[in-house]
Each structure stands twice: as structure tokens, then as C-alpha cells.
file data-v6.csv (CSV, C-alpha atoms)
chain,number,residue,atom,x,y,z
A,1,MET,CA,0.0,0.0,0.0
A,2,ILE,CA,3.0,2.3,0.1
A,3,GLY,CA,3.0,2.6,-3.7
A,4,ILE,CA,-0.3,4.4,-3.5
A,5,ASN,CA,1.6,7.6,-2.7
A,6,ILE,CA,3.4,7.5,-6.0
A,7,TYR,CA,0.0,7.1,-7.9
A,8,LEU,CA,-1.5,10.0,-5.9
A,9,ALA,CA,1.5,12.1,-6.8
A,10,LEU,CA,1.2,11.3,-10.5
A,11,ILE,CA,-2.5,12.2,-10.4
A,12,ALA,CA,-1.7,15.5,-8.6
A,13,ILE,CA,0.8,16.4,-11.3
A,14,ALA,CA,-1.7,15.6,-14.0
A,15,THR,CA,-4.4,17.7,-12.3
A,16,LEU,CA,-2.0,20.7,-11.9
A,17,LEU,CA,-1.1,20.5,-15.6
A,18,SER,CA,-4.7,20.6,-16.6
A,19,THR,CA,-5.4,23.4,-14.2
A,20,TYR,CA,-2.7,25.4,-16.1
A,21,ARG,CA,-4.7,24.8,-19.3
A,22,VAL,CA,-7.9,25.9,-17.5
A,23,PHE,CA,-6.4,29.3,-16.5
A,24,ARG,CA,-4.3,29.8,-19.7
A,25,GLY,CA,-6.5,28.3,-22.5
A,26,PRO,CA,-7.2,30.9,-25.2
A,27,THR,CA,-10.7,29.8,-25.9
A,28,THR,CA,-13.6,28.7,-23.8
A,29,ILE,CA,-13.6,25.2,-25.4
A,30,ASP,CA,-9.9,24.8,-24.3
A,31,ARG,CA,-10.9,25.4,-20.7
A,32,LEU,CA,-13.9,23.0,-21.0
A,33,VAL,CA,-11.7,20.2,-22.5
A,34,ALA,CA,-9.3,20.7,-19.5
A,35,VAL,CA,-12.2,20.5,-17.1
A,36,ASP,CA,-13.5,17.3,-18.9
A,37,ILE,CA,-10.1,15.7,-18.4
A,38,MET,CA,-10.0,16.7,-14.8
A,39,THR,CA,-13.4,15.1,-14.1
A,40,THR,CA,-12.1,11.9,-15.7
A,41,ILE,CA,-9.0,11.9,-13.5
A,42,THR,CA,-11.1,12.7,-10.4
A,43,THR,CA,-13.3,9.6,-11.1
A,44,GLY,CA,-10.2,7.4,-11.1
A,45,LEU,CA,-9.0,9.2,-7.9
A,46,LEU,CA,-12.3,8.5,-6.1
A,47,VAL,CA,-12.0,4.8,-7.0
A,48,LEU,CA,-8.5,4.8,-5.6
A,49,PHE,CA,-9.8,6.4,-2.4
A,50,ALA,CA,-12.4,3.6,-2.1
A,51,LEU,CA,-9.5,1.1,-2.0
A,52,TYR,CA,-7.5,3.4,0.4
A,53,TYR,CA,-10.3,3.5,2.9
A,54,GLY,CA,-11.3,-0.1,2.2
A,55,ARG,CA,-15.0,0.7,1.6
A,56,MET,CA,-16.8,-0.5,-1.4
A,57,ILE,CA,-19.7,2.0,-1.1
A,58,TYR,CA,-17.3,4.8,-2.2
A,59,ILE,CA,-17.2,3.3,-5.7
A,60,SER,CA,-20.8,4.3,-6.1
A,61,VAL,CA,-19.7,7.8,-5.3
A,62,ALA,CA,-17.3,7.7,-8.3
A,63,LEU,CA,-20.1,6.3,-10.5
A,64,VAL,CA,-22.5,9.1,-9.6
A,65,TYR,CA,-19.7,11.7,-10.0
A,66,ALA,CA,-18.9,10.4,-13.5
A,67,LEU,CA,-22.6,10.5,-14.4
A,68,LEU,CA,-23.1,14.1,-13.3
A,69,ALA,CA,-19.8,15.3,-14.9
A,70,PHE,CA,-20.8,13.8,-18.2
A,71,GLY,CA,-24.2,15.5,-18.1
A,72,GLY,CA,-22.6,18.8,-17.2
A,73,VAL,CA,-20.0,18.7,-19.9
A,74,ILE,CA,-22.6,17.8,-22.5
A,75,ALA,CA,-24.9,20.7,-21.4
A,76,PHE,CA,-22.1,23.2,-21.5
A,77,ALA,CA,-20.9,22.0,-24.9
A,78,ARG,CA,-24.4,22.2,-26.4
A,79,TYR,CA,-24.9,25.7,-24.8
A,80,LEU,CA,-21.6,26.9,-26.4
A,81,GLU,CA,-22.6,25.4,-29.7
A,82,GLY,CA,-25.7,27.5,-29.5
A,83,GLY,CA,-28.3,24.7,-29.8
A,84,LEU,CA,-29.5,24.1,-26.3
B,1,MET,CA,2.0,-9.3,-1.9
B,2,ASN,CA,0.6,-11.9,-4.2
B,3,ALA,CA,0.3,-12.1,-8.0
B,4,LEU,CA,-3.2,-10.5,-8.2
B,5,SER,CA,-2.3,-7.4,-6.2
B,6,ALA,CA,0.9,-7.0,-8.1
B,7,LEU,CA,-1.0,-7.1,-11.4
B,8,GLY,CA,-3.5,-4.6,-10.1
B,9,GLU,CA,-0.8,-2.3,-8.9
B,10,ALA,CA,0.9,-2.4,-12.3
B,11,LEU,CA,-2.3,-1.6,-14.0
B,12,VAL,CA,-2.9,1.4,-11.7
B,13,LEU,CA,0.7,2.6,-12.3
B,14,ILE,CA,0.2,2.4,-16.1
B,15,GLY,CA,-3.1,4.2,-15.8
B,16,THR,CA,-1.8,7.1,-13.8
B,17,PHE,CA,1.1,7.4,-16.2
B,18,PHE,CA,-1.4,7.8,-19.1
B,19,TYR,CA,-3.2,10.4,-17.0
B,20,PHE,CA,0.1,12.3,-16.9
B,21,LEU,CA,0.6,11.8,-20.6
B,22,SER,CA,-2.9,13.1,-21.5
B,23,THR,CA,-2.4,16.4,-19.5
B,24,LEU,CA,1.1,16.7,-21.1
B,25,GLY,CA,-0.6,16.6,-24.5
B,26,LEU,CA,-3.1,19.2,-23.2
B,27,ILE,CA,-0.1,21.5,-22.6
B,28,ARG,CA,2.0,20.7,-25.7
B,29,MET,CA,-0.4,20.6,-28.6
B,30,PRO,CA,-1.0,23.7,-30.7
B,31,ASP,CA,-4.8,24.0,-31.1
B,32,VAL,CA,-8.0,22.7,-29.4
B,33,TYR,CA,-8.6,19.9,-31.9
B,34,ASN,CA,-5.2,18.3,-31.4
B,35,ARG,CA,-5.4,18.8,-27.7
B,36,MET,CA,-8.6,16.8,-27.7
B,37,GLN,CA,-7.0,14.1,-29.9
B,38,THR,CA,-4.3,13.4,-27.4
B,39,SER,CA,-6.1,14.0,-24.1
B,40,THR,CA,-9.3,12.1,-24.7
B,41,LYS,CA,-7.7,8.8,-25.7
B,42,SER,CA,-5.1,8.8,-23.0
B,43,ALA,CA,-7.4,9.8,-20.2
B,44,THR,CA,-9.9,7.1,-21.2
B,45,LEU,CA,-7.3,4.3,-21.3
B,46,GLY,CA,-5.8,5.7,-18.1
B,47,SER,CA,-9.2,5.5,-16.4
B,48,LEU,CA,-9.7,1.9,-17.5
B,49,GLY,CA,-6.3,1.0,-16.1
B,50,VAL,CA,-6.8,2.8,-12.8
B,51,VAL,CA,-10.3,1.6,-12.2
B,52,ILE,CA,-10.0,-2.0,-13.2
B,53,GLY,CA,-6.5,-2.2,-11.6
B,54,THR,CA,-8.0,-1.0,-8.3
B,55,GLY,CA,-10.6,-3.8,-8.5
B,56,ILE,CA,-8.0,-6.5,-9.1
B,57,TRP,CA,-5.7,-5.0,-6.4
B,58,ALA,CA,-8.6,-5.1,-3.9
B,59,VAL,CA,-9.3,-8.7,-4.6
B,60,GLY,CA,-5.6,-9.5,-4.3
B,61,ASN,CA,-5.7,-7.8,-0.8
B,62,GLY,CA,-8.4,-10.3,0.3
B,63,MET,CA,-11.5,-8.2,-0.2
B,64,SER,CA,-14.7,-9.6,-1.8
B,65,TRP,CA,-15.2,-10.3,-5.5
B,66,ALA,CA,-17.9,-7.6,-5.7
B,67,TRP,CA,-15.1,-5.1,-6.0
B,68,ILE,CA,-14.1,-6.2,-9.4
B,69,VAL,CA,-17.7,-6.3,-10.6
B,70,GLN,CA,-18.4,-2.8,-9.4
B,71,THR,CA,-15.2,-1.4,-10.9
B,72,THR,CA,-16.0,-3.0,-14.2
B,73,ALA,CA,-19.3,-1.2,-14.2
B,74,VAL,CA,-17.6,2.1,-13.6
B,75,ALA,CA,-15.0,1.3,-16.4
B,76,GLY,CA,-17.8,0.4,-18.8
B,77,PHE,CA,-19.6,3.7,-18.1
B,78,ILE,CA,-16.4,5.7,-18.7
B,79,LEU,CA,-15.7,3.8,-21.9
B,80,LEU,CA,-19.3,4.6,-23.2
B,81,THR,CA,-19.5,8.3,-22.2
B,82,ASN,CA,-16.0,9.8,-22.7
B,83,PRO,CA,-16.1,9.6,-26.5
B,84,ILE,CA,-19.6,11.1,-26.6
B,85,SER,CA,-18.5,14.2,-24.6
B,86,ALA,CA,-15.3,14.5,-26.8
B,87,HIS,CA,-17.5,14.4,-29.9
B,88,THR,CA,-19.9,17.1,-28.5
B,89,LEU,CA,-16.9,19.3,-27.5
B,90,ILE,CA,-15.1,19.1,-30.8
B,91,ARG,CA,-18.4,19.9,-32.7
B,92,ALA,CA,-19.0,22.9,-30.5
B,93,ALA,CA,-15.4,24.0,-31.2
B,94,TYR,CA,-16.0,23.8,-34.9
B,95,LYS,CA,-19.5,25.4,-34.8
B,96,ARG,CA,-18.1,28.3,-32.8
B,97,GLY,CA,-15.6,29.0,-35.6
B,98,ILE,CA,-12.4,28.2,-33.9
B,99,PRO,CA,-9.9,28.0,-36.8
B,100,LEU,CA,-7.8,24.9,-37.5
B,101,TRP,CA,-4.1,25.0,-36.8
B,102,HIS,CA,-2.2,26.7,-39.6
B,103,GLY,CA,-0.4,23.5,-40.4
B,104,SER,CA,-3.6,21.6,-41.2
B,105,VAL,CA,-3.7,20.1,-44.6
B,106,VAL,CA,-7.4,19.4,-45.5
B,107,ASP,CA,-10.9,20.5,-44.4
B,108,LYS,CA,-13.7,18.5,-46.0
B,109,TYR,CA,-16.3,19.6,-43.4
B,110,ALA,CA,-16.2,23.2,-44.5
B,111,GLU,CA,-16.9,22.1,-48.1
B,112,HIS,CA,-19.8,20.0,-46.8
B,113,LEU,CA,-21.3,22.9,-44.8
B,114,ALA,CA,-20.9,25.2,-47.9
B,115,GLU,CA,-22.7,22.7,-50.0
B,116,LYS,CA,-25.7,22.7,-47.8
B,117,SER,CA,-27.8,25.9,-47.9
B,118,PRO,CA,-25.9,28.7,-46.2
B,119,ASP,CA,-29.0,30.1,-44.4
B,120,GLU,CA,-29.5,26.7,-42.6
B,121,GLU,CA,-26.0,27.1,-41.1
B,122,VAL,CA,-27.0,30.5,-39.6
B,123,SER,CA,-30.1,29.1,-38.0
B,124,GLU,CA,-28.3,26.3,-36.2
C,1,MET,CA,-34.6,-4.3,-40.3
C,2,GLU,CA,-38.2,-4.9,-39.5
C,3,GLU,CA,-39.8,-4.1,-36.1
C,4,ALA,CA,-39.9,-6.9,-33.6
C,5,SER,CA,-43.0,-7.9,-31.6
C,6,ARG,CA,-43.8,-6.1,-28.4
C,7,ALA,CA,-43.2,-9.1,-26.2
C,8,SER,CA,-39.8,-9.6,-27.7
C,9,LYS,CA,-38.9,-6.0,-27.1
C,10,PHE,CA,-40.1,-6.1,-23.6
C,11,ALA,CA,-38.2,-9.3,-22.8
C,12,TYR,CA,-35.0,-7.8,-24.2
C,13,THR,CA,-35.3,-4.7,-22.2
C,14,VAL,CA,-35.9,-6.6,-19.0
C,15,ILE,CA,-32.8,-8.7,-19.6
C,16,VAL,CA,-30.6,-5.7,-20.3
C,17,LEU,CA,-31.9,-3.8,-17.3
C,18,PHE,CA,-31.5,-6.8,-15.0
C,19,GLY,CA,-27.9,-7.2,-16.2
C,20,ILE,CA,-27.1,-3.6,-15.3
C,21,TRP,CA,-28.7,-4.1,-11.9
C,22,LEU,CA,-26.5,-7.1,-11.3
C,23,LEU,CA,-23.4,-5.1,-12.3
C,24,LEU,CA,-24.3,-2.2,-10.0
C,25,THR,CA,-25.2,-4.1,-6.9
C,26,ALA,CA,-22.7,-6.9,-7.3
C,27,SER,CA,-24.6,-9.2,-4.9
C,28,LEU,CA,-26.4,-12.5,-5.2
C,29,ASP,CA,-28.6,-12.0,-2.2
C,30,THR,CA,-32.2,-13.2,-2.8
C,31,GLN,CA,-33.9,-10.0,-1.7
C,32,GLU,CA,-31.6,-7.9,-3.9
C,33,LEU,CA,-32.3,-10.1,-6.9
C,34,ALA,CA,-36.1,-10.0,-6.3
C,35,THR,CA,-36.1,-6.2,-5.9
C,36,GLY,CA,-34.0,-5.8,-9.0
C,37,PHE,CA,-36.3,-8.0,-11.0
C,38,VAL,CA,-39.4,-6.1,-10.0
C,39,ILE,CA,-37.8,-2.8,-10.8
C,40,SER,CA,-36.6,-4.1,-14.2
C,41,LEU,CA,-40.1,-5.1,-15.0
C,42,ILE,CA,-41.6,-1.7,-14.1
C,43,VAL,CA,-39.0,0.3,-16.0
C,44,ALA,CA,-39.2,-2.0,-19.0
C,45,ALA,CA,-43.0,-1.7,-19.1
C,46,LEU,CA,-42.5,2.1,-19.3
C,47,THR,CA,-39.6,2.3,-21.7
C,48,TYR,CA,-39.4,-0.7,-24.0
C,49,ASP,CA,-40.8,1.1,-27.0
C,50,VAL,CA,-38.0,3.7,-27.1
C,51,PHE,CA,-35.3,1.3,-25.8
C,52,THR,CA,-35.0,-1.1,-28.7
C,53,LYS,CA,-36.3,-1.8,-32.2
C,54,ALA,CA,-34.9,-5.2,-32.8
C,55,GLY,CA,-35.9,-6.9,-29.6
C,56,LEU,CA,-34.5,-10.4,-28.8
C,57,ALA,CA,-32.9,-10.6,-32.2
C,58,ASN,CA,-30.1,-8.6,-30.6
C,59,LEU,CA,-29.2,-11.6,-28.5
C,60,HIS,CA,-28.7,-14.0,-31.5
C,61,PRO,CA,-25.7,-16.2,-30.7
C,62,LYS,CA,-23.8,-15.0,-33.7
C,63,ARG,CA,-24.1,-11.4,-32.7
C,64,VAL,CA,-23.1,-12.2,-29.1
C,65,ALA,CA,-20.0,-14.1,-30.3
C,66,TYR,CA,-19.0,-11.3,-32.6
C,67,ALA,CA,-19.5,-8.8,-29.7
C,68,ILE,CA,-17.2,-10.9,-27.5
C,69,ALA,CA,-14.6,-11.2,-30.3
C,70,TYR,CA,-14.8,-7.4,-30.9
C,71,LEU,CA,-13.8,-6.5,-27.3
C,72,PRO,CA,-10.2,-7.7,-27.4
C,73,TYR,CA,-9.7,-6.4,-30.9
C,74,PHE,CA,-11.0,-3.0,-29.8
C,75,LEU,CA,-8.9,-2.9,-26.6
C,76,TRP,CA,-5.8,-3.8,-28.7
C,77,ALA,CA,-6.5,-1.0,-31.1
C,78,MET,CA,-7.0,1.4,-28.2
C,79,ILE,CA,-3.6,0.4,-26.6
C,80,MET,CA,-2.0,1.0,-30.0
C,81,ALA,CA,-3.7,4.4,-30.2
C,82,ASN,CA,-2.3,5.4,-26.9
C,83,LEU,CA,1.3,4.3,-27.8
C,84,ASP,CA,0.9,6.4,-30.9
C,85,VAL,CA,-0.3,9.4,-28.9
C,86,ALA,CA,2.6,8.9,-26.4
C,87,TYR,CA,5.0,9.0,-29.3
C,88,ARG,CA,3.5,12.2,-30.7
C,89,VAL,CA,3.4,14.0,-27.3
C,90,LEU,CA,6.9,13.0,-26.2
C,91,HIS,CA,8.7,13.5,-29.5
C,92,PRO,CA,10.5,16.8,-29.3
C,93,LYS,CA,9.5,17.9,-32.9
C,94,ARG,CA,5.8,17.1,-32.3
C,95,PRO,CA,5.1,15.2,-35.6
C,96,ILE,CA,1.5,16.2,-36.5
C,97,ARG,CA,-0.2,16.9,-39.8
C,98,PRO,CA,-3.9,17.4,-38.9
C,99,GLY,CA,-6.9,17.7,-41.2
C,100,ILE,CA,-10.6,16.9,-41.5
C,101,VAL,CA,-11.4,14.0,-43.8
C,102,LYS,CA,-14.7,12.5,-45.0
C,103,CYS,CA,-15.6,8.8,-44.8
C,104,ARG,CA,-18.5,6.7,-45.7
C,105,THR,CA,-20.1,3.8,-43.8
C,106,VAL,CA,-22.2,0.8,-44.8
C,107,LEU,CA,-23.9,0.6,-41.4
C,108,GLU,CA,-27.6,1.4,-41.3
C,109,SER,CA,-28.9,1.3,-37.7
C,110,ASP,CA,-28.4,4.2,-35.3
C,111,THR,CA,-26.9,2.1,-32.6
C,112,GLY,CA,-24.3,0.8,-35.1
C,113,LYS,CA,-23.4,4.3,-36.2
C,114,LEU,CA,-23.0,5.4,-32.6
C,115,SER,CA,-20.7,2.5,-31.8
C,116,LEU,CA,-18.7,3.2,-34.9
C,117,ALA,CA,-18.3,6.9,-34.0
C,118,ASN,CA,-17.2,5.9,-30.4
C,119,SER,CA,-14.8,3.3,-31.7
C,120,ILE,CA,-13.3,5.8,-34.2
C,121,THR,CA,-12.9,8.4,-31.4
C,122,LEU,CA,-10.9,6.0,-29.2
C,123,THR,CA,-8.6,4.6,-31.9
C,124,PRO,CA,-5.4,5.9,-33.5
C,125,GLY,CA,-5.3,9.6,-34.2
C,126,THR,CA,-8.9,10.0,-35.2
C,127,ILE,CA,-11.9,11.8,-33.6
C,128,THR,CA,-15.4,12.0,-35.0
C,129,LEU,CA,-16.5,15.6,-35.7
C,130,ASP,CA,-19.9,15.1,-37.2
C,131,VAL,CA,-22.1,12.4,-38.7
C,132,ASP,CA,-24.6,13.2,-41.4
C,133,GLY,CA,-26.5,10.3,-43.0
C,134,ASP,CA,-23.8,7.9,-44.0
C,135,SER,CA,-20.9,10.4,-44.1
C,136,TYR,CA,-18.5,10.7,-41.2
C,137,PHE,CA,-16.4,13.8,-40.8
C,138,ILE,CA,-13.2,12.9,-38.9
C,139,HIS,CA,-10.4,15.0,-37.5
C,140,TRP,CA,-7.2,13.1,-38.2
C,141,ILE,CA,-3.9,13.9,-36.5
C,142,TRP,CA,-1.7,12.5,-39.3
C,143,VAL,CA,-3.4,12.5,-42.8
C,144,GLN,CA,-1.9,9.6,-44.8
C,145,ASP,CA,-0.3,10.4,-48.1
C,146,ASP,CA,-2.7,8.6,-50.5
C,147,VAL,CA,-5.6,10.4,-48.9
C,148,LEU,CA,-3.9,13.7,-49.1
C,149,LYS,CA,-2.9,13.3,-52.8
C,150,ALA,CA,-6.3,11.9,-54.0
C,151,LYS,CA,-7.3,13.8,-57.0
C,152,THR,CA,-11.1,13.4,-56.9
C,153,ASP,CA,-13.5,13.6,-54.0
C,154,GLU,CA,-14.6,10.0,-54.6
C,155,GLU,CA,-11.0,8.7,-54.3
C,156,HIS,CA,-10.4,10.7,-51.1
C,157,VAL,CA,-13.5,9.1,-49.5
C,158,LYS,CA,-12.5,5.6,-50.6
C,159,ASN,CA,-8.9,5.9,-49.3
C,160,ALA,CA,-10.0,7.5,-46.0
C,161,SER,CA,-12.6,4.8,-45.4
C,162,ARG,CA,-10.1,2.1,-46.0
C,163,TYR,CA,-8.0,3.5,-43.1
C,164,ILE,CA,-10.6,4.5,-40.7
C,165,THR,CA,-14.0,2.8,-40.9
C,166,GLN,CA,-13.5,-0.5,-42.6
C,167,PRO,CA,-11.5,-2.3,-39.8
C,168,PHE,CA,-14.4,-1.9,-37.5
C,169,GLU,CA,-17.3,-2.4,-39.9
C,170,LYS,CA,-16.7,-6.1,-40.4
C,171,PHE,CA,-17.5,-6.6,-36.7
C,172,LEU,CA,-20.1,-3.9,-36.2
C,173,ARG,CA,-22.1,-4.9,-39.3
C,174,VAL,CA,-22.8,-8.3,-37.7
C,175,ILE,CA,-23.4,-7.0,-34.2
C,176,PHE,CA,-25.8,-4.2,-35.0
C,177,GLY,CA,-26.9,-4.8,-38.6
call {"tool": "encode", "arguments": {"input": "data-v6.csv", "output": "C-alpha cells"}}
result
Amino acid sequence: MIGINIYLALIAIATLLSTYRVFRGPTTIDRLVAVDIMTTITTGLLVLFALYYGRMIYISVALVYALLAFGGVIAFARYLEGGL
Amino acid sequence: MNALSALGEALVLIGTFFYFLSTLGLIRMPDVYNRMQTSTKSATLGSLGVVIGTGIWAVGNGMSWAWIVQTTAVAGFILLTNPISAHTLIRAAYKRGIPLWHGSVVDKYAEHLAEKSPDEEVSE
Amino acid sequence: MEEASRASKFAYTVIVLFGIWLLLTASLDTQELATGFVISLIVAALTYDVFTKAGLANLHPKRVAYAIAYLPYFLWAMIMANLDVAYRVLHPKRPIRPGIVKCRTVLESDTGKLSLANSITLTPGTITLDVDGDSYFIHWIWVQDDVLKAKTDEEHVKNASRYITQPFEKFLRVIFG
């Protein structure tokens, strides 16, 4: 279980890099793509946390989070496209 | 440390490495279309690795088999929904008129939109 | 494909919903199974008409066998795609030559088209931009030479389809019709 710190560090670096794109991105779609990647990474992080705390019920949290993030990204993209 | 948990841990390591790679692509690529190319694929495979790897790792640590079933459900959901959101985003980018990178070689979609009646394009 | 009967559609919906319930609860307890079955029946009674058109024909053994064979093929293509992406991201010169190309498909059902679009998005260097009828518009990160140099529109579509859609169609045509 010590190796889990390495994985969490890699995930933290990945999240920081995409945060850079969220602040920097020249267009709105750039920022939205970065947010989409961050939600995907967060889903993986939640599943890892479920193992870290040894509780299976936390996997359901990850599933619901993925569901809501998917809906949110779709809604934003349709709004920016102008066809909501 | 048995074989199952070692396999699970290796999958999680590969998955997190692909997460890192996808965000590196997000930084390095020149325009929004190419950023989406690199980031969507790597993040989806990275998620598959992390999520299924966690399930195998948990079973290797002596927890119940239900872990691997539930993580497979999450992985299947990610596999189904990630390409759809990428598709919606790239279409929104094109419809908003973000130009292709100056090194792009061909654009058949613009010809297709021009062939259809131009006033329909405005109304969309 | 002709419409299936109502009973067949209903049965197919119940089977799929109950399978999802089994995945989500991951338990073989009698009470959980009974609850899941009752809920599957209720939801199926409300939604079977929009859920499927082909009904139980979707579970034909040949289709299921092709779907199972498709999974490792697809995963392998996806791993190759990611090694390709890794090469392009880590290479110091950033070797990309992007463009939007046009492809055609022989698939007819909506589910088949959706699966093809998803498969294209997750495999090497391609991402689906729009689908209109049987035309796919695809953003390609490295447009191949013979697609780029094609003189006529028809030749362009033919060459691009050979690279992008045809590897998947031989599976998806059987699975989804």
C-alpha cells in the first residue's frame, strides 16, 4: 500500500497541468476540455480512495460523479454550440 | 503481496502514467482539436487502467469479488460516455468557428457545410 | 430491419436492465435479486418502446459471439492508439499533420453508427466531428499520403474509409446490422 503515494503524486501532477490549461486556455472550449479531463481523472481518484479506505460503497460515489460530470460537460458544450 | 495485487498495482501505475501523458498533451499541442485528440484517448485508457486495476488490487488484498464487478461497471460507463463528450466538445469548437491550426492540410467539413444551404447554417 | 414484436422488445429490455442491476449491486442476495427483477419489469414496461427496435434478435448467438470477439480487438486498437499518442506527445519535434477528412459507412442502424463513432474516437489519431447520413467527418492527426494526394472527392473518401471505418465495420455490421 506504500506505492499508492506514487500514484497519488502522478494524479496530482496531472491535475496541476490541466489546471494550467484551464487558466491559460485561449478559448472557452480549451478550458472546457481541460475540465473534462480533470473530471475523468477525479473519477479514477475516487475509485483509488475507495480502496485506500477499504469501503466498497465509495465506488458508487465515483459512478455518480462520472454521471453528473458527463451531463454537465454535454450541457455546457451544447450551450456553447448555440443549440440548447 | 501476491500475484493479483501486483497485477492490479501495475495496471494502476500504467493508468496514472497515461493520465500524466494526457495532460502533457493538453499543454504541448497547438490547437484545441489536437489537444482533444491526445487528451481524450489517453485519459480514457488511463481511467480503464486505474479503475480495473483498483478492482484487481482489492481482490488481491483479500476483499470480496464484488469489488471487481463494481469497478468493471464504472469502467464500462467511462468507456461509453467519454467519446460522446469529446464528440460534443469538438463539434461545439467547430461550430463556434475556432480555426484549425495553420499546419492543417485538408478540411472537408467546411466544403460540406458550404454545399448545404448557407441560411440553414446560420439558424443552427 | 423490421420491427420486432412487443413481447420480444419487452423481454430484451428486462434482460438488459437486470444485467445492469447485477453489475451495479454486485450481490447475489435473494432480496436484492427480487427487488432488481421487479424494478426491471416496471422500468421495462414504461420504456421498452424507445429502448430497442430489434428486440430479442439482438441476442442472437452469432451477434453475441462477434461482440465478445470485438472487445479484445478494440482494446488492442486502443492500446496501439495510446502508444501512438505517447510518441507524438513526447517527440521533441511534435510530428502532427492534422486535417478533417470524409468517410462513408455501410452501417444502417443508429446504434451501429453510434458505436462506430465511439470506436473511431478512441482509436489511433482520429476523432469523429460530425455524422450526417452515411458520411463521417473525422479530424485526423496525421493524414496519410494517399488520402492527401487523392485527385477526386470519390477517391479521397474511398482511401480514407479504408484506413478509418473498414477495420471496425466487419464486426459492427454483424453486431448491430
call {"tool": "closest_residue", "arguments": {"input": "data-v6.csv", "among": "A:Arg24, A:Glu81, A:Ile4, A:Thr19", "to": "Asp36 in chain A", "atoms": "all atoms listed in the file"}}
result
A:Thr19
call {"tool": "interface_residues", "arguments": {"input": "data-v6.csv", "of": "chain B", "to": "chain C", "cutoff": "7 Å", "atoms": "only C-alpha atoms", "output": "mmCIF file with C-alpha atoms, keeping the file's coordinate frame"}}
result
data_model
loop_
_atom_site.group_PDB
_atom_site.id
_atom_site.type_symbol
_atom_site.label_atom_id
_atom_site.label_comp_id
_atom_site.auth_asym_id
_atom_site.auth_seq_id
_atom_site.Cartn_x
_atom_site.Cartn_y
_atom_site.Cartn_z
ATOM 1 C CA LEU B 21 0.600 11.800 -20.600
ATOM 2 C CA GLY B 25 -0.600 16.600 -24.500
ATOM 3 C CA ASN B 34 -5.200 18.300 -31.400
ATOM 4 C CA GLN B 37 -7.000 14.100 -29.900
ATOM 5 C CA THR B 38 -4.300 13.400 -27.400
ATOM 6 C CA LYS B 41 -7.700 8.800 -25.700
ATOM 7 C CA SER B 42 -5.100 8.800 -23.000
ATOM 8 C CA ALA B 66 -17.900 -7.600 -5.700
ATOM 9 C CA VAL B 69 -17.700 -6.300 -10.600
ATOM 10 C CA GLN B 70 -18.400 -2.800 -9.400
ATOM 11 C CA ALA B 73 -19.300 -1.200 -14.200
ATOM 12 C CA PRO B 83 -16.100 9.600 -26.500
ATOM 13 C CA ILE B 84 -19.600 11.100 -26.600
ATOM 14 C CA HIS B 87 -17.500 14.400 -29.900
ATOM 15 C CA ILE B 90 -15.100 19.100 -30.800
ATOM 16 C CA ARG B 91 -18.400 19.900 -32.700
ATOM 17 C CA GLY B 103 -0.400 23.500 -40.400
ATOM 18 C CA SER B 104 -3.600 21.600 -41.200
ATOM 19 C CA VAL B 105 -3.700 20.100 -44.600
ATOM 20 C CA VAL B 106 -7.400 19.400 -45.500
ATOM 21 C CA ASP B 107 -10.900 20.500 -44.400
ATOM 22 C CA LYS B 108 -13.700 18.500 -46.000
ATOM 23 C CA TYR B 109 -16.300 19.600 -43.400
#
call {"tool": "closest_atom_pairs", "arguments": {"input": "data-v6.csv", "of": "chain A", "to": "chain C", "cutoff": "12 Å", "atoms": "all atoms listed in the file", "output": "JSON lines"}}
result
{"residue": "A:Met56", "atom": "CA", "partner": "C:Ala26", "partner_atom": "CA", "distance": 10.5}
{"residue": "A:Ile57", "atom": "CA", "partner": "C:Thr25", "partner_atom": "CA", "distance": 10.1}
{"residue": "A:Ile59", "atom": "CA", "partner": "C:Leu24", "partner_atom": "CA", "distance": 10.0}
{"residue": "A:Ser60", "atom": "CA", "partner": "C:Leu24", "partner_atom": "CA", "distance": 8.3}
{"residue": "A:Val61", "atom": "CA", "partner": "C:Leu24", "partner_atom": "CA", "distance": 12.0}
{"residue": "A:Leu63", "atom": "CA", "partner": "C:Leu24", "partner_atom": "CA", "distance": 9.5}
{"residue": "A:Val64", "atom": "CA", "partner": "C:Leu24", "partner_atom": "CA", "distance": 11.4}
call {"tool": "atom_distance", "arguments": {"input": "data-v6.csv", "atom1": "CA of Phe23 in chain A", "atom2": "CA of Leu26 in chain B"}}
result
12.6 Å
call {"tool": "interface_residues", "arguments": {"input": "data-v6.csv", "of": "chain B", "to": "chain A", "cutoff": "7 Å", "atoms": "all atoms listed in the file", "output": "ChimeraX atom specification"}}
result
/B:13,16-17,19-20,23,26-27,32,36,43,47,50-51,54,58,67,74,81,85,88-89,92-93,95-96,124
call {"tool": "atom_distance", "arguments": {"input": "data-v6.csv", "atom1": "CA of Glu111 in chain B", "atom2": "CA of Gly133 in chain C"}}
result
16.0 Å
call {"tool": "atom_distance", "arguments": {"input": "data-v6.csv", "atom1": "CA of Glu115 in chain B", "atom2": "CA of Val131 in chain C"}}
result
15.3 Å
call {"tool": "axis_aligned_box", "arguments": {"input": "data-v6.csv", "around": "range 8-25 of chain A", "padding_each_side": "8 Å", "output": "lines of an AutoDock Vina configuration file"}}
result
center_x = -3.2
center_y = 19.9
center_z = -14.2
size_x = 25.4
size_y = 35.8
size_z = 32.6
call {"tool": "residues_around", "arguments": {"input": "data-v6.csv", "residues": "range 58-69 of chain C", "least_positions_apart": "4", "cutoff": "12 Å", "atoms": "all atoms listed in the file", "output": "PyMOL selection string"}}
result
chain C and resi 1+4+8-9+11-13+15-16+52-54+73-76+111-112+115+168-177
call {"tool": "closest_residue", "arguments": {"input": "data-v6.csv", "among": "B:Thr72, B:Met29, B:Ala86, B:Ile98", "to": "Lys93 in chain C", "atoms": "all atoms listed in the file"}}
result
B:Met29
